[in-house]
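This is target15.cif (mmCIF, C-alpha atoms (C1' of nucleotides)).
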data_start
loop_
_atom_site.label_atom_id
_atom_site.label_comp_id
_atom_site.auth_asym_id
_atom_site.auth_seq_id
_atom_site.Cartn_x
_atom_site.Cartn_y
_atom_site.Cartn_z
CA MET A 158 76.99 129.93 113.37
CA THR A 159 80.24 131.76 114.03
CA GLY A 160 79.83 135.30 115.27
CA ARG A 161 80.77 138.12 112.93
CA GLN A 162 83.27 140.71 113.86
CA THR A 163 84.88 143.63 112.09
CA GLY A 164 88.60 143.94 111.57
CA ALA A 165 89.07 146.74 114.06
CA SER A 166 88.37 144.71 117.19
CA ALA A 167 89.97 141.51 115.94
CA GLY A 168 93.06 140.58 117.89
CA ARG A 169 95.18 137.63 116.87
CA ARG A 170 93.23 135.33 119.14
CA ILE A 171 89.78 135.96 117.72
CA ARG A 172 88.34 133.71 115.03
CA LEU A 173 86.80 135.51 112.10
CA ASP A 174 84.70 134.11 109.31
CA ARG A 175 87.79 133.82 107.18
CA GLU A 176 89.06 131.31 109.72
CA SER A 177 85.79 129.48 109.97
CA ARG A 178 85.79 128.62 106.28
CA ARG A 179 89.28 127.29 106.71
CA ASP A 180 88.15 125.22 109.66
CA GLN A 181 85.32 123.84 107.60
CA ILE A 182 87.82 122.77 104.96
CA LEU A 183 90.04 121.13 107.58
CA ALA A 184 87.07 119.29 109.06
CA ALA A 185 85.97 118.00 105.68
CA ALA A 186 89.51 116.92 104.83
CA THR A 187 89.84 115.15 108.18
CA GLY A 188 86.88 112.91 107.47
CA LEU A 189 87.90 112.24 103.90
CA ILE A 190 91.51 111.40 104.72
CA ALA A 191 90.31 109.08 107.49
CA ARG A 192 88.34 107.14 104.88
CA ARG A 193 90.57 107.33 101.82
CA GLY A 194 94.02 108.24 103.03
CA PHE A 195 96.03 111.10 101.61
CA TRP A 196 96.73 109.42 98.25
CA GLY A 197 93.03 108.68 97.92
CA LEU A 198 91.95 112.20 98.81
CA THR A 199 90.99 114.63 96.08
CA VAL A 200 90.68 118.38 96.38
CA ARG A 201 87.45 118.06 94.46
CA GLU A 202 85.84 115.96 97.21
CA VAL A 203 86.80 118.51 99.83
CA ALA A 204 85.36 121.29 97.70
CA LEU A 205 82.10 119.38 97.22
CA GLU A 206 81.67 118.87 100.94
CA CYS A 207 82.28 122.55 101.59
CA ALA A 208 80.03 123.57 98.72
CA ILE A 209 82.69 125.70 97.06
CA THR A 210 84.96 125.12 94.06
CA GLU A 211 88.36 123.46 93.97
CA ALA A 212 89.95 126.83 93.38
CA GLY A 213 88.24 128.04 96.54
CA VAL A 214 89.75 125.27 98.61
CA LEU A 215 93.23 125.84 97.22
CA HIS A 216 92.92 129.55 97.89
CA HIS A 217 92.59 128.78 101.61
CA VAL A 218 95.18 126.06 102.05
CA GLY A 219 97.63 126.65 99.21
CA SER A 220 98.07 123.11 97.98
CA LYS A 221 97.02 119.55 98.65
CA ASP A 222 100.21 118.85 100.59
CA ARG A 223 99.76 121.90 102.76
CA LEU A 224 96.20 120.83 103.43
CA LEU A 225 97.54 117.67 105.03
CA THR A 226 100.00 119.61 107.14
CA ALA A 227 97.27 121.95 108.26
CA VAL A 228 94.98 119.08 109.26
CA LEU A 229 97.70 117.43 111.34
CA GLU A 230 98.70 120.67 113.07
CA TYR A 231 95.09 121.45 113.81
CA ARG A 232 94.47 118.00 115.32
CA ASP A 233 97.67 118.10 117.32
CA ARG A 234 96.65 121.28 119.02
CA LEU A 235 93.19 119.98 119.89
CA ASP A 236 94.42 116.58 121.02
CA ARG A 237 97.10 117.92 123.32
CA HIS A 238 94.52 120.06 125.05
CA ALA A 239 92.09 117.16 125.32
CA LEU A 240 94.77 114.92 126.81
CA ALA A 241 96.00 117.49 129.29
CA SER A 242 92.45 118.23 130.31
CA ARG A 243 91.72 114.57 131.01
CA LEU A 244 94.90 114.32 133.02
CA GLY A 245 93.89 117.39 135.01
CA VAL A 246 97.09 119.23 134.17
CA ASP A 247 98.20 122.16 132.06
CA VAL A 248 99.27 121.57 128.45
CA ALA A 249 102.83 122.54 129.32
CA ALA A 250 102.92 119.71 131.86
CA LEU A 251 102.95 117.24 128.98
CA GLU A 252 106.59 118.17 128.45
CA ALA A 253 107.57 118.38 132.11
CA ASP A 254 110.21 116.11 133.60
CA PRO A 255 109.42 114.34 135.79
CA ALA A 256 105.86 114.01 134.57
CA PRO A 257 103.14 114.95 137.08
CA PHE A 258 101.21 111.77 136.18
CA GLY A 259 101.94 108.07 136.10
CA LEU A 260 101.90 105.58 133.24
CA ARG A 261 98.54 104.15 134.11
CA GLU A 262 96.91 107.59 134.31
CA LEU A 263 98.41 108.54 130.97
CA CYS A 264 97.05 105.37 129.38
CA VAL A 265 93.57 105.81 130.77
CA ALA A 266 93.44 109.42 129.63
CA THR A 267 94.66 108.51 126.16
CA VAL A 268 92.32 105.58 125.72
CA GLU A 269 89.28 107.48 126.92
CA ARG A 270 90.05 110.43 124.70
CA ASN A 271 90.53 108.17 121.69
CA ALA A 272 87.44 106.11 122.39
CA ALA A 273 85.44 109.32 122.13
CA GLN A 274 86.66 110.21 118.63
CA PRO A 275 86.91 107.16 116.39
CA GLU A 276 87.13 109.23 113.23
CA ILE A 277 90.27 110.99 114.42
CA VAL A 278 91.82 107.73 115.58
CA GLN A 279 91.15 106.28 112.15
CA LEU A 280 92.69 109.35 110.54
CA TYR A 281 95.92 108.63 112.38
CA ALA A 282 95.75 104.89 111.76
CA VAL A 283 95.38 105.34 108.02
CA LEU A 284 98.08 108.00 107.78
CA GLN A 285 100.46 106.11 110.04
CA GLY A 286 100.35 103.24 107.56
CA GLU A 287 100.72 105.41 104.46
CA ALA A 288 103.44 107.50 106.06
CA LEU A 289 105.75 104.55 106.68
CA ALA A 290 107.23 105.32 103.27
CA ALA A 291 109.82 108.08 103.33
CA GLU A 292 108.28 109.82 100.28
CA HIS A 293 104.96 110.43 102.00
CA PRO A 294 104.30 114.10 102.80
CA ALA A 295 103.52 113.20 106.41
CA HIS A 296 106.48 110.86 106.93
CA ASP A 297 108.59 113.32 108.90
CA TYR A 298 105.60 114.34 110.95
CA PHE A 299 105.03 110.75 112.08
CA VAL A 300 108.68 110.16 112.89
CA ARG A 301 108.57 113.27 115.06
CA ARG A 302 105.28 112.23 116.59
CA GLU A 303 106.70 108.84 117.52
CA ARG A 304 109.63 110.46 119.29
CA ILE A 305 107.39 112.84 121.20
CA ALA A 306 105.05 110.04 122.27
CA MET A 307 107.96 107.85 123.36
CA SER A 308 109.33 110.69 125.46
CA LEU A 309 105.93 111.26 127.04
CA PHE A 310 105.45 107.61 127.94
CA GLU A 311 109.02 107.24 129.19
CA ARG A 312 108.59 110.19 131.54
CA ALA A 313 105.29 108.78 132.76
CA ALA A 314 107.01 105.44 133.33
CA ALA A 315 109.67 107.22 135.35
CA ALA A 316 106.99 108.89 137.43
CA SER A 317 105.51 105.45 138.03
CA GLY A 318 108.82 104.25 139.41
CA VAL A 319 109.90 102.12 136.45
CA ASP A 320 113.62 101.42 136.55
CA ALA A 321 115.61 103.65 134.19
CA ALA A 322 116.97 100.73 132.21
CA LEU A 323 113.47 99.46 131.45
CA ARG A 324 111.74 102.73 130.63
CA GLU A 325 112.25 102.72 126.88
CA THR A 326 111.02 99.16 126.48
CA THR A 327 108.13 99.76 128.81
CA ALA A 328 107.08 102.86 126.91
CA ARG A 329 107.27 101.06 123.59
CA GLU A 330 105.35 98.04 124.82
CA THR A 331 102.65 100.19 126.34
CA MET A 332 102.22 102.23 123.18
CA ALA A 333 102.22 99.05 121.14
CA ALA A 334 99.50 97.50 123.26
CA MET A 335 97.28 100.55 122.98
CA ASP A 336 97.83 101.01 119.26
CA GLY A 337 97.28 97.36 118.53
CA LEU A 338 94.08 97.15 120.50
CA GLN A 339 92.95 100.35 118.84
CA LEU A 340 93.43 98.81 115.43
CA ARG A 341 91.34 95.81 116.46
CA TRP A 342 88.64 98.19 117.65
CA LEU A 343 88.66 100.17 114.40
CA THR A 344 88.37 96.99 112.34
CA ASP A 345 85.20 95.94 114.11
CA ARG A 346 83.91 98.67 116.37
CA ASP A 347 80.84 96.70 117.47
CA ALA A 348 82.75 93.59 118.54
CA VAL A 349 85.26 95.44 120.69
CA ASP A 350 84.49 97.58 123.71
CA PHE A 351 87.68 99.57 123.53
CA VAL A 352 87.74 101.06 127.04
CA ARG A 353 86.66 97.83 128.72
CA GLU A 354 89.11 95.65 126.85
CA TRP A 355 91.86 98.11 127.57
CA GLU A 356 91.16 97.94 131.29
CA ARG A 357 91.64 94.19 131.23
CA PHE A 358 94.75 94.52 129.14
CA ALA A 359 96.16 97.14 131.48
CA ASP A 360 95.56 94.90 134.48
CA ARG A 361 97.64 92.26 132.77
CA LEU A 362 100.35 94.67 131.67
CA PHE A 363 100.74 96.55 134.93
CA ALA A 364 100.38 93.55 137.22
CA MET B 106 115.69 82.41 85.33
CA THR B 107 112.56 80.30 85.18
CA GLY B 108 112.92 77.10 83.18
CA ARG B 109 111.07 76.89 79.91
CA GLN B 110 108.58 74.15 79.19
CA THR B 111 106.21 73.36 76.36
CA GLY B 112 102.48 73.12 76.86
CA ALA B 113 102.30 69.37 76.41
CA SER B 114 104.04 68.47 79.66
CA ALA B 115 102.54 71.29 81.69
CA GLY B 116 100.28 70.01 84.48
CA ARG B 117 98.38 72.41 86.69
CA ARG B 118 101.25 72.51 89.15
CA ILE B 119 103.99 73.61 86.77
CA ARG B 120 104.80 77.29 86.28
CA LEU B 121 105.20 78.39 82.70
CA ASP B 122 106.63 81.63 81.40
CA ARG B 123 103.18 83.06 81.17
CA GLU B 124 102.91 82.53 84.92
CA SER B 125 106.37 83.87 85.61
CA ARG B 126 105.54 87.18 83.99
CA ARG B 127 102.48 87.34 86.18
CA ASP B 128 104.59 86.60 89.23
CA GLN B 129 106.93 89.39 88.23
CA ILE B 130 103.95 91.76 88.08
CA LEU B 131 102.73 90.63 91.49
CA ALA B 132 106.19 91.08 92.97
CA ALA B 133 106.48 94.59 91.56
CA ALA B 134 103.00 95.50 92.79
CA THR B 135 103.79 94.14 96.25
CA GLY B 136 106.71 96.49 96.69
CA LEU B 137 104.86 99.47 95.27
CA ILE B 138 101.73 98.97 97.36
CA ALA B 139 103.89 98.57 100.46
CA ARG B 140 105.32 102.02 99.80
CA ARG B 141 102.36 103.90 98.34
CA GLY B 142 99.26 102.00 99.32
CA PHE B 143 96.61 100.93 96.84
CA TRP B 144 95.28 104.42 96.20
CA GLY B 145 98.82 105.61 95.60
CA LEU B 146 99.64 102.75 93.25
CA THR B 147 99.54 103.32 89.49
CA VAL B 148 99.47 100.68 86.81
CA ARG B 149 102.08 102.72 85.03
CA GLU B 150 104.60 102.25 87.85
CA VAL B 151 104.07 98.50 87.82
CA ALA B 152 104.55 98.46 84.06
CA LEU B 153 107.77 100.47 84.33
CA GLU B 154 109.24 98.09 86.89
CA CYS B 155 108.38 95.11 84.70
CA ALA B 156 109.66 96.87 81.60
CA ILE B 157 106.42 96.36 79.69
CA THR B 158 103.52 98.69 78.85
CA GLU B 159 100.43 99.41 80.93
CA ALA B 160 98.36 97.42 78.47
CA GLY B 161 100.69 94.50 79.06
CA VAL B 162 100.13 94.61 82.82
CA LEU B 163 96.37 94.83 82.44
CA HIS B 164 96.41 91.93 80.00
CA HIS B 165 97.78 89.71 82.78
CA VAL B 166 95.75 90.85 85.75
CA GLY B 167 92.57 92.29 84.22
CA SER B 168 92.26 95.48 86.21
CA LYS B 169 93.87 97.44 89.00
CA ASP B 170 91.40 96.05 91.54
CA ARG B 171 92.06 92.47 90.50
CA LEU B 172 95.78 93.15 90.77
CA LEU B 173 95.29 93.87 94.46
CA THR B 174 93.26 90.72 94.97
CA ALA B 175 95.90 88.67 93.18
CA VAL B 176 98.68 90.11 95.34
CA LEU B 177 96.83 89.32 98.56
CA GLU B 178 95.94 85.78 97.50
CA TYR B 179 99.50 85.15 96.44
CA ARG B 180 100.90 86.38 99.76
CA ASP B 181 98.34 84.45 101.76
CA ARG B 182 99.38 81.21 100.19
CA LEU B 183 103.09 81.82 100.78
CA ASP B 184 102.60 83.10 104.32
CA ARG B 185 100.47 80.18 105.45
CA HIS B 186 103.13 77.79 104.27
CA ALA B 187 105.88 79.80 105.94
CA LEU B 188 103.98 79.85 109.23
CA ALA B 189 103.14 76.15 109.18
CA SER B 190 106.72 75.33 108.32
CA ARG B 191 108.05 77.31 111.28
CA LEU B 192 105.55 75.60 113.53
CA GLY B 193 106.67 72.23 112.22
CA VAL B 194 103.15 71.27 111.19
CA ASP B 195 101.20 70.77 107.98
CA VAL B 196 99.29 73.72 106.47
CA ALA B 197 96.01 71.99 107.22
CA ALA B 198 96.92 71.96 110.92
CA LEU B 199 96.43 75.75 111.00
CA GLU B 200 92.70 75.06 110.92
CA ALA B 201 92.72 72.09 113.29
CA ASP B 202 90.84 72.17 116.58
CA PRO B 203 92.38 71.79 119.04
CA ALA B 204 95.51 73.34 117.60
CA PRO B 205 98.65 71.19 117.72
CA PHE B 206 100.64 74.19 119.04
CA GLY B 207 100.37 76.62 121.93
CA LEU B 208 99.96 80.38 122.00
CA ARG B 209 103.58 81.07 122.71
CA GLU B 210 104.78 78.87 119.86
CA LEU B 211 102.36 80.54 117.49
CA CYS B 212 103.61 83.97 118.50
CA VAL B 213 107.26 83.07 118.12
CA ALA B 214 106.64 81.54 114.70
CA THR B 215 104.67 84.58 113.56
CA VAL B 216 107.16 87.13 114.85
CA GLU B 217 110.16 85.34 113.38
CA ARG B 218 108.48 84.93 110.03
CA ASN B 219 107.51 88.60 109.97
CA ALA B 220 110.89 89.82 111.11
CA ALA B 221 112.35 88.13 108.06
CA GLN B 222 110.16 89.99 105.56
CA PRO B 223 109.69 93.65 106.50
CA GLU B 224 108.42 94.60 103.06
CA ILE B 225 105.52 92.18 103.31
CA VAL B 226 104.73 93.28 106.84
CA GLN B 227 104.64 96.85 105.64
CA LEU B 228 102.36 95.86 102.78
CA TYR B 229 99.85 94.57 105.29
CA ALA B 230 100.30 97.51 107.65
CA VAL B 231 99.61 100.03 104.89
CA LEU B 232 96.65 98.14 103.48
CA GLN B 233 95.19 97.43 106.90
CA GLY B 234 94.98 101.16 107.46
CA GLU B 235 93.56 101.98 104.04
CA ALA B 236 91.12 99.09 104.19
CA LEU B 237 89.43 100.31 107.37
CA ALA B 238 87.02 102.14 105.08
CA ALA B 239 84.22 99.96 103.75
CA GLU B 240 84.68 101.27 100.18
CA HIS B 241 88.24 99.99 99.92
CA PRO B 242 88.63 97.07 97.50
CA ALA B 243 90.44 95.06 100.21
CA HIS B 244 88.04 95.88 103.03
CA ASP B 245 86.23 92.53 102.98
CA TYR B 246 89.52 90.69 102.71
CA PHE B 247 90.78 92.29 105.91
CA VAL B 248 87.58 91.64 107.80
CA ARG B 249 87.87 87.98 106.82
CA ARG B 250 91.57 87.92 107.67
CA GLU B 251 90.87 89.31 111.12
CA ARG B 252 88.32 86.58 111.79
CA ILE B 253 90.68 83.85 110.62
CA ALA B 254 93.52 85.19 112.74
CA MET B 255 91.28 85.47 115.80
CA SER B 256 90.19 81.87 115.35
CA LEU B 257 93.79 80.74 115.01
CA PHE B 258 94.92 82.54 118.15
CA GLU B 259 91.89 81.42 120.13
CA ARG B 260 92.55 77.79 119.29
CA ALA B 261 96.21 78.20 120.22
CA ALA B 262 95.10 79.78 123.49
CA ALA B 263 92.86 76.78 124.11
CA ALA B 264 95.78 74.45 123.45
CA SER B 265 97.78 76.46 125.99
CA GLY B 266 95.11 75.84 128.57
CA VAL B 267 93.56 79.31 128.62
CA ASP B 268 90.11 79.26 130.20
CA ALA B 269 87.32 79.29 127.58
CA ALA B 270 85.82 82.52 128.89
CA LEU B 271 89.14 84.35 128.44
CA ARG B 272 90.18 83.01 125.07
CA GLU B 273 88.73 85.75 122.89
CA THR B 274 90.21 88.53 124.96
CA THR B 275 93.54 86.75 125.21
CA ALA B 276 93.67 86.24 121.46
CA ARG B 277 92.84 89.87 120.80
CA GLU B 278 95.35 91.18 123.30
CA THR B 279 98.09 88.96 121.94
CA MET B 280 97.43 90.00 118.36
CA ALA B 281 97.26 93.61 119.46
CA ALA B 282 100.61 93.38 121.21
CA MET B 283 102.31 91.86 118.19
CA ASP B 284 100.74 94.25 115.70
CA GLY B 285 101.52 97.26 117.81
CA LEU B 286 105.13 96.32 118.34
CA GLN B 287 105.38 95.58 114.64
CA LEU B 288 104.23 99.08 113.81
CA ARG B 289 106.86 100.56 116.10
CA TRP B 290 109.45 98.42 114.39
CA LEU B 291 108.35 99.51 110.92
CA THR B 292 108.47 103.17 111.94
CA ASP B 293 112.10 102.93 112.97
CA ARG B 294 113.60 99.61 112.00
CA ASP B 295 117.05 100.46 113.35
CA ALA B 296 115.88 101.48 116.79
CA VAL B 297 113.81 98.36 117.41
CA ASP B 298 115.09 94.80 117.48
CA PHE B 299 111.74 93.24 116.73
CA VAL B 300 112.44 89.64 117.80
CA ARG B 301 114.30 90.65 120.96
CA GLU B 302 111.72 93.20 122.05
CA TRP B 303 108.99 90.72 121.39
CA GLU B 304 110.65 88.14 123.65
CA ARG B 305 110.64 90.61 126.52
CA PHE B 306 107.07 91.58 125.79
CA ALA B 307 106.00 87.93 125.66
CA ASP B 308 107.64 87.25 129.02
CA ARG B 309 105.53 90.02 130.47
CA LEU B 310 102.34 88.92 128.71
CA PHE B 311 102.59 85.22 129.43
CA ALA B 312 103.89 85.54 132.96
"C1'" DG C 484 86.73 135.25 99.12
"C1'" DT C 485 84.76 132.90 95.52
"C1'" DC C 486 84.06 132.20 90.92
"C1'" DT C 487 85.00 130.59 85.70
"C1'" DA C 488 88.12 128.90 82.64
"C1'" DT C 489 91.76 126.37 81.40
"C1'" DA C 490 96.29 124.62 81.33
"C1'" DG C 491 98.75 120.44 81.30
"C1'" DG C 492 99.12 115.94 82.85
"C1'" DA C 493 98.20 111.38 84.72
"C1'" DC C 494 94.92 108.05 85.22
"C1'" DG C 495 92.54 103.24 84.10
"C1'" DA C 496 90.95 100.80 80.45
"C1'" DT C 497 89.97 99.11 75.59
"C1'" DA C 498 90.66 98.01 70.53
"C1'" DG C 499 93.20 96.13 67.30
"C1'" DA C 500 97.73 95.20 64.87
"C1'" DC C 501 101.61 92.13 65.02
"C1'" DG D 569 101.94 88.16 74.89
"C1'" DT D 570 103.14 92.59 73.87
"C1'" DC D 571 102.73 96.58 71.39
"C1'" DT D 572 100.67 101.38 69.73
"C1'" DA D 573 97.05 104.37 69.78
"C1'" DT D 574 93.44 106.35 71.77
"C1'" DC D 575 89.27 107.32 74.61
"C1'" DG D 576 87.17 109.61 78.31
"C1'" DT D 577 87.85 110.88 82.79
"C1'" DC D 578 90.01 112.76 86.68
"C1'" DC D 579 93.60 115.33 88.73
"C1'" DT D 580 96.28 119.62 90.91
"C1'" DA D 581 97.17 124.08 90.16
"C1'" DT D 582 97.06 128.86 88.19
"C1'" DA D 583 95.20 133.24 86.02
"C1'" DG D 584 92.18 136.56 86.18
"C1'" DA D 585 87.27 138.46 86.52
"C1'" DC D 586 83.96 139.91 89.93
#

Step by step, read the file and then write its structure as structure tokens.
Amino acid sequence: MTGRQTGASAGRRIRLDRESRRDQILAAATGLIARRGFWGLTVREVALECAITEAGVLHHVGSKDRLLTAVLEYRDRLDRHALASRLGVDVAALEADPAPFGLRELCVATVERNAAQPEIVQLYAVLQGEALAAEHPAHDYFVRRERIAMSLFERAAAASGVDAALRETTARETMAAMDGLQLRWLTDRDAVDFVREWERFADRLFA
Amino acid sequence: MTGRQTGASAGRRIRLDRESRRDQILAAATGLIARRGFWGLTVREVALECAITEAGVLHHVGSKDRLLTAVLEYRDRLDRHALASRLGVDVAALEADPAPFGLRELCVATVERNAAQPEIVQLYAVLQGEALAAEHPAHDYFVRRERIAMSLFERAAAASGVDAALRETTARETMAAMDGLQLRWLTDRDAVDFVREWERFADRLFA
DNA sequence: GTCTATAGGACGATAGAC
DNA sequence: GTCTATCGTCCTATAGAC
């Protein structure tokens, strides 16, 4: 249960109950989008899971499109913190150049974080597919995300001593390997030990 | 224009106009699903592209669900032939054990075939994401497809002399690498030369 | 902040005429 | 084989009461 607090003592950084209902909506939407995609999502389903009406949901997020945006922003914030934490650095360090971590460290941190939250990984896998089309409301987000990830992996490659001319390819190949293995894992979670298989794969890649 | 033919001379192997309308519907659906996914697809859009009514579309394919099944079966048939042809073998050879082709050959054939048909690749990428959920009408299809592909790559690995204990992992890693790179390519087709990047990646993988 | 009510469409599917 | 007409349902979103 979220603690109650009156308006007087509430700074910008304190979560009130108003925010907690919103968070509940975002959490419900996260799970539903992971299973049905954005085109398959209905506001009604979100409302049902939160035990309020459709009008209630729309009051908090504005529209179905803005709900998607809110979910992605929310996850981004959490995931950046989780990644930085696993790397043992500050969040700001994720943008530093040169990166204070190598390619292998970055991969391990990413894989371990993802292995711990299959639902979120599936959310991104489903949306990444849907958002390939330019008309999708999350298309621009995923183009941006790709650029940011490439930059991150290129800087990590640099920190690992990868030759400048090979950094882009190396970053892309590394991301491809992780994403591809991830997809295999999502398809049959029991058959694939994601972390273990990644370790083998990494040994081959970084030999 | 498809040639016309009367019923009398029509064996099972000859396409009539009735079939060509169906093919037109499947072609339209293929493009639309590639862009919007199955949940985003509407029968109305298919009808518009074929310049007939919704009732007309449903007359040919039965229902929206069966339309998806028909599209996937249709593509499967074409793609197996395209792959076998590039490998210089008969379609039946794709199931042979041991495979009459190695892992590297299989990869090159697959990548070159896929590079030539981005729309189809995107169709599978979008559906693969959507179909992760068990309720999706193509879920079972993709589970089956994964098993068939694994078997194919494992047999090719065997033909390449990969140790029996490593074949499963090798197959999975290889498929992961191709799929992952493919996704990068689909996200920004101009920035990634799929065939070229794959060659570099393969050199690293098969070193 | 949550509700009821409802607008205003779009949806998949079927029946039956031609 | 394609049409028109229609059913019943679902959809997002808004207006306004409480």

Since I can't run it myself right now, could you work out what the PyMOL selection byres ((chain D and resi 578-586) around 10) selects here and report it as an mmCIF file with C-alpha atoms (C1' of nucleotides), keeping the file's coordinate frame?
data_model
loop_
_atom_site.group_PDB
_atom_site.id
_atom_site.type_symbol
_atom_site.label_atom_id
_atom_site.label_comp_id
_atom_site.auth_asym_id
_atom_site.auth_seq_id
_atom_site.Cartn_x
_atom_site.Cartn_y
_atom_site.Cartn_z
ATOM 1 C CA THR A 199 90.990 114.630 96.080
ATOM 2 C CA VAL A 200 90.680 118.380 96.380
ATOM 3 C CA ARG A 201 87.450 118.060 94.460
ATOM 4 C CA GLU A 211 88.360 123.460 93.970
ATOM 5 C CA ALA A 212 89.950 126.830 93.380
ATOM 6 C CA LEU A 215 93.230 125.840 97.220
ATOM 7 C CA GLY A 219 97.630 126.650 99.210
ATOM 8 C CA SER A 220 98.070 123.110 97.980
ATOM 9 C CA LYS A 221 97.020 119.550 98.650
ATOM 10 C "C1'" DT C 485 84.760 132.900 95.520
ATOM 11 C "C1'" DC C 486 84.060 132.200 90.920
ATOM 12 C "C1'" DT C 487 85.000 130.590 85.700
ATOM 13 C "C1'" DA C 488 88.120 128.900 82.640
ATOM 14 C "C1'" DT C 489 91.760 126.370 81.400
ATOM 15 C "C1'" DA C 490 96.290 124.620 81.330
ATOM 16 C "C1'" DG C 491 98.750 120.440 81.300
ATOM 17 C "C1'" DG C 492 99.120 115.940 82.850
ATOM 18 C "C1'" DA C 493 98.200 111.380 84.720
ATOM 19 C "C1'" DC C 494 94.920 108.050 85.220
ATOM 20 C "C1'" DG D 576 87.170 109.610 78.310
ATOM 21 C "C1'" DT D 577 87.850 110.880 82.790
#

*Atom-to-atom span, atom CA of Ile253 of chain B and atom CA of Ala359 of chain A, Å*: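 Taking atom CA of Ile253 of chain B as the start and atom CA of Ala359 of chain A as the end point, the length is 25.3 Å.
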
*Using all atoms listed in the file, find which residues of chain A lie within 12 Å of chain C and jot them down as a list in words.*
Asp174, Arg175, Glu176, Arg178, Arg179, Ala204, Ala208, Ile209, Thr210, Glu211, Ala212, Gly213, Val214, Leu215, His216 and His217 of chain A

*Please identify every residue of chain A that has at least one atom no more than 10 Å from any atom of chain B, counting all atoms listed in the file, and report them as a ChimeraX atom specification.*
/A:190-198,279-293,296,299-300,303,326-327,329-345,349,354-355,357-358,361-364

_Please identify all residues of chain D having at least one atom at most 12 Å from any atom of chain B, considering only C-alpha atoms (C1' of nucleotides), and return them as a PyMOL selection string._
chain D and resi 569-573

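Identical in sequence, chain B and chain A superpose with a Cα RMSD of 0.1 Å when all alpha carbons are matched in order.
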
*asked:* As an exercise, work out the distance from atom CA of Ala315 of chain A to atom CA of Glu269 of chain A in Å and give it to one decimal place.
replied: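 Separation of atom CA of Ala315 of chain A and atom CA of Glu269 of chain A: 22.1 Å.
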
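Atom pair atom CA of Val226 of chain B / atom CA of Ala175 of chain B: separated by 16.9 Å.
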
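Of the listed residues (A:Arg312, A:Arg270, A:Arg324, A:Arg353), A:Arg312 comes nearest to Ala250 of chain A; the distances count only C-alpha atoms.
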
*Run the PyMOL selection byres ((chain B and resi 207-210) around 9) mentally over the shown coordinates, then write out the matched residues as a ChimeraX atom specification, using the chain letters and numbers from the document.*
/B:192,204-206,211-215,258-266,276,279,307,311
